[in-house]
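J.: Got a structure here, written out as structure tokens. Questions coming.
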Amino acid sequence: MKNQNQHIENHYHREGLYQEILKKLTEQHLDLNTITRANLAGVDEFHVRGAAVSKELATSINLNNQTVLDVGCGLGGPCRMLADVHNCKTTGIDLSKEYIRTATLLSKLVGLDNKTTFIQGDATELPFKDNSFSVVWTQHVQMNIPNKEKLYSEINRVLKPGGHFLYYDIFKKNTEPVSYPMPWASNADLSFLFTKNTMQQILKNLGLTELQQTNQTQNGISFFETHLPKIKEFGAPKISLQMLMGTSTVSKLTNLLQHLQDNKLELISGVYKK
């Protein structure tokens, strides 16, 4: 497991990521003393449709003044949004040390470091006491985690009774092979896709109750069909997910779009209650 985690962390690692973001901001002639969340929106949410879908997910329950854990927080965009817009006390955990370092510095940059905390760690061994959070939130993370039962049992363990689990994720629809690279994996060795039905059964066995499920696949397809041609023709914006995906950005996004169109993968969001 340790070696596997290291391979996954290596997949996401970008040396000096925070400094590179500052450089790109400066190239846009932005004053680093007045940077806002909006200036970071292109890079700080590593999932399909970015900040837009996080805002939607945040309206699915009353999140005001909640204590939230973001499992697989990446660069911390959702944590900052929840802290800023919904006055949440947010904690993010991610396997990537560089992501956590960058998330912490970005929160300080935009003045939200008093409401956000970021910790490097394993989603299947959460370093928190039982019943620590009123909300647990995760987006596009489980694809890198083989032990789904351990992931969701840990989420359930740290969630308070009456609390909510919110997710937005990529699932496979059948047993057909998947082509790589994908945004979360350069090859099949790093990818552990499963079906939404399997997830639902695991959560049901844990005693969680499903309150809401939304198929986000067409929204994701429409997003890619709008933005991918622009990236191919003009290149990615200075502040964009290409900073995280590198030179293979177009092939990764093209593969994901094709699999969504071919009904091999689907995007689903939802809410459960403990």
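Each chain in the structure tokens gets a letter, A, B, ..., in the order shown, and its residues are numbered from 1; ligands are numbered from 1 in order too.
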Quick one: DSSP strand (DSSP E or B) residues in stretch 60-193 of chain A, as number ranges by chain?
T.: A: 67-71, 89-94, 116-120, 133-139, 159-172, 182, 185
J.: Would you save the residues of that selection, restricted to N, CA and C atoms, as a compact mmCIF listing (two decimals), in the first residue's frame?
T.:
# COMPACT_ATOMS: atom_id res chain seq x y z
N THR A 67 -18.96 22.14 10.19
CA THR A 67 -17.56 21.69 10.20
C THR A 67 -17.42 20.63 9.11
N VAL A 68 -16.58 20.92 8.12
CA VAL A 68 -16.52 20.11 6.90
C VAL A 68 -15.14 19.51 6.71
N LEU A 69 -15.11 18.23 6.35
CA LEU A 69 -13.88 17.56 5.92
C LEU A 69 -13.97 17.28 4.44
N ASP A 70 -12.98 17.76 3.68
CA ASP A 70 -12.88 17.47 2.25
C ASP A 70 -11.82 16.39 2.07
N VAL A 71 -12.28 15.18 1.72
CA VAL A 71 -11.37 14.04 1.54
C VAL A 71 -10.85 14.05 0.11
N LYS A 89 -16.12 25.87 8.86
CA LYS A 89 -14.77 25.58 9.34
C LYS A 89 -14.33 24.33 8.60
N THR A 90 -13.39 24.48 7.67
CA THR A 90 -13.08 23.38 6.76
C THR A 90 -11.70 22.80 7.00
N THR A 91 -11.62 21.48 6.81
CA THR A 91 -10.36 20.75 6.88
C THR A 91 -10.22 19.94 5.60
N GLY A 92 -9.08 20.02 4.97
CA GLY A 92 -8.82 19.23 3.76
C GLY A 92 -7.70 18.25 4.01
N ILE A 93 -7.85 17.05 3.48
CA ILE A 93 -6.79 16.04 3.57
C ILE A 93 -6.51 15.51 2.18
N ASP A 94 -5.24 15.33 1.87
CA ASP A 94 -4.85 14.84 0.54
C ASP A 94 -3.55 14.05 0.68
N THR A 116 -9.51 27.57 7.23
CA THR A 116 -9.17 26.36 6.49
C THR A 116 -7.91 25.74 7.07
N THR A 117 -7.92 24.41 7.14
CA THR A 117 -6.75 23.64 7.61
C THR A 117 -6.49 22.52 6.62
N PHE A 118 -5.24 22.27 6.29
CA PHE A 118 -4.90 21.23 5.32
C PHE A 118 -3.87 20.27 5.90
N ILE A 119 -4.15 18.97 5.72
CA ILE A 119 -3.33 17.92 6.32
C ILE A 119 -2.98 16.88 5.27
N GLN A 120 -1.71 16.51 5.22
CA GLN A 120 -1.30 15.43 4.32
C GLN A 120 -1.62 14.09 5.00
N PHE A 133 -16.87 15.54 12.32
CA PHE A 133 -17.34 16.51 11.33
C PHE A 133 -18.83 16.37 11.08
N SER A 134 -19.48 17.50 10.86
CA SER A 134 -20.91 17.46 10.53
C SER A 134 -21.15 17.16 9.05
N VAL A 135 -20.12 17.41 8.23
CA VAL A 135 -20.20 17.12 6.80
C VAL A 135 -18.87 16.55 6.32
N VAL A 136 -18.92 15.48 5.54
CA VAL A 136 -17.74 14.99 4.82
C VAL A 136 -18.06 15.10 3.33
N TRP A 137 -17.09 15.56 2.57
CA TRP A 137 -17.27 15.94 1.17
C TRP A 137 -16.13 15.35 0.37
N THR A 138 -16.39 14.80 -0.80
CA THR A 138 -15.31 14.28 -1.64
C THR A 138 -15.69 14.40 -3.11
N GLN A 139 -14.71 14.76 -3.94
CA GLN A 139 -14.93 14.92 -5.37
C GLN A 139 -13.77 14.28 -6.14
N LEU A 159 -17.80 11.01 10.62
CA LEU A 159 -19.02 11.80 10.44
C LEU A 159 -19.91 11.70 11.68
N LYS A 160 -20.40 12.85 12.13
CA LYS A 160 -21.28 12.88 13.29
C LYS A 160 -22.64 12.25 12.97
N PRO A 161 -23.30 11.63 13.94
CA PRO A 161 -24.67 11.16 13.73
C PRO A 161 -25.56 12.33 13.29
N GLY A 162 -26.36 12.11 12.25
CA GLY A 162 -27.17 13.18 11.70
C GLY A 162 -26.44 14.01 10.66
N GLY A 163 -25.13 13.76 10.49
CA GLY A 163 -24.33 14.51 9.53
C GLY A 163 -24.53 14.00 8.11
N HIS A 164 -23.95 14.71 7.16
CA HIS A 164 -24.15 14.40 5.75
C HIS A 164 -22.84 14.10 5.03
N PHE A 165 -22.91 13.15 4.12
CA PHE A 165 -21.81 12.83 3.21
C PHE A 165 -22.20 13.28 1.81
N LEU A 166 -21.41 14.19 1.23
CA LEU A 166 -21.66 14.71 -0.11
C LEU A 166 -20.55 14.23 -1.04
N TYR A 167 -20.92 13.79 -2.24
CA TYR A 167 -19.90 13.29 -3.16
C TYR A 167 -20.20 13.73 -4.59
N TYR A 168 -19.16 13.78 -5.38
CA TYR A 168 -19.26 14.00 -6.83
C TYR A 168 -18.13 13.19 -7.43
N ASP A 169 -18.48 12.15 -8.19
CA ASP A 169 -17.44 11.21 -8.58
C ASP A 169 -17.64 10.61 -9.96
N ILE A 170 -16.59 9.95 -10.42
CA ILE A 170 -16.58 9.25 -11.71
C ILE A 170 -16.71 7.76 -11.45
N PHE A 171 -17.66 7.13 -12.13
CA PHE A 171 -17.89 5.70 -11.97
C PHE A 171 -17.87 5.00 -13.33
N LYS A 172 -17.48 3.75 -13.32
CA LYS A 172 -17.59 2.96 -14.55
C LYS A 172 -19.01 2.41 -14.65
N MET A 182 -5.72 9.17 -18.20
CA MET A 182 -6.87 9.90 -17.68
C MET A 182 -6.35 10.94 -16.69
N ALA A 185 -4.99 9.15 -13.66
CA ALA A 185 -4.08 8.02 -13.81
C ALA A 185 -3.44 8.01 -15.18
J.: Go through stretch 126-218 of chain A and flag each residue having an atom no more than 9 Å from stretch 4-11 of chain A; for those, report the closest pair of atoms plus their distance in Å to one decimal, using only C-alpha atoms, ordered by chain and rising number, as JSON lines.
T.:
{"residue": "A:Asn144", "atom": "CA", "partner": "A:Ile8", "partner_atom": "CA", "distance": 7.2}
{"residue": "A:Ile145", "atom": "CA", "partner": "A:Asn5", "partner_atom": "CA", "distance": 8.9}
{"residue": "A:Trp184", "atom": "CA", "partner": "A:His11", "partner_atom": "CA", "distance": 7.9}
{"residue": "A:Ala185", "atom": "CA", "partner": "A:His11", "partner_atom": "CA", "distance": 7.0}
{"residue": "A:Ser186", "atom": "CA", "partner": "A:His11", "partner_atom": "CA", "distance": 7.3}
{"residue": "A:Asp189", "atom": "CA", "partner": "A:Gln4", "partner_atom": "CA", "distance": 8.9}
{"residue": "A:Leu190", "atom": "CA", "partner": "A:Ile8", "partner_atom": "CA", "distance": 6.3}
J.: Near A:Thr104, counting only C-alpha atoms, which residues have an atom at most 12 Å away, once you skip same-chain residues fewer than 3 positions from it, shown as a VMD selection string?
T.: chain A and resid 17 to 18 44 73 to 77 79 to 80 90 to 94 97 to 101 107 to 120
J.: Between A:Leu105, A:Val48, A:Leu151, A:Val141, which residue has the minimum interatomic distance to A:Ala123, considering only C-alpha atoms?
T.: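 Nearest to A:Ala123: A:Leu151.
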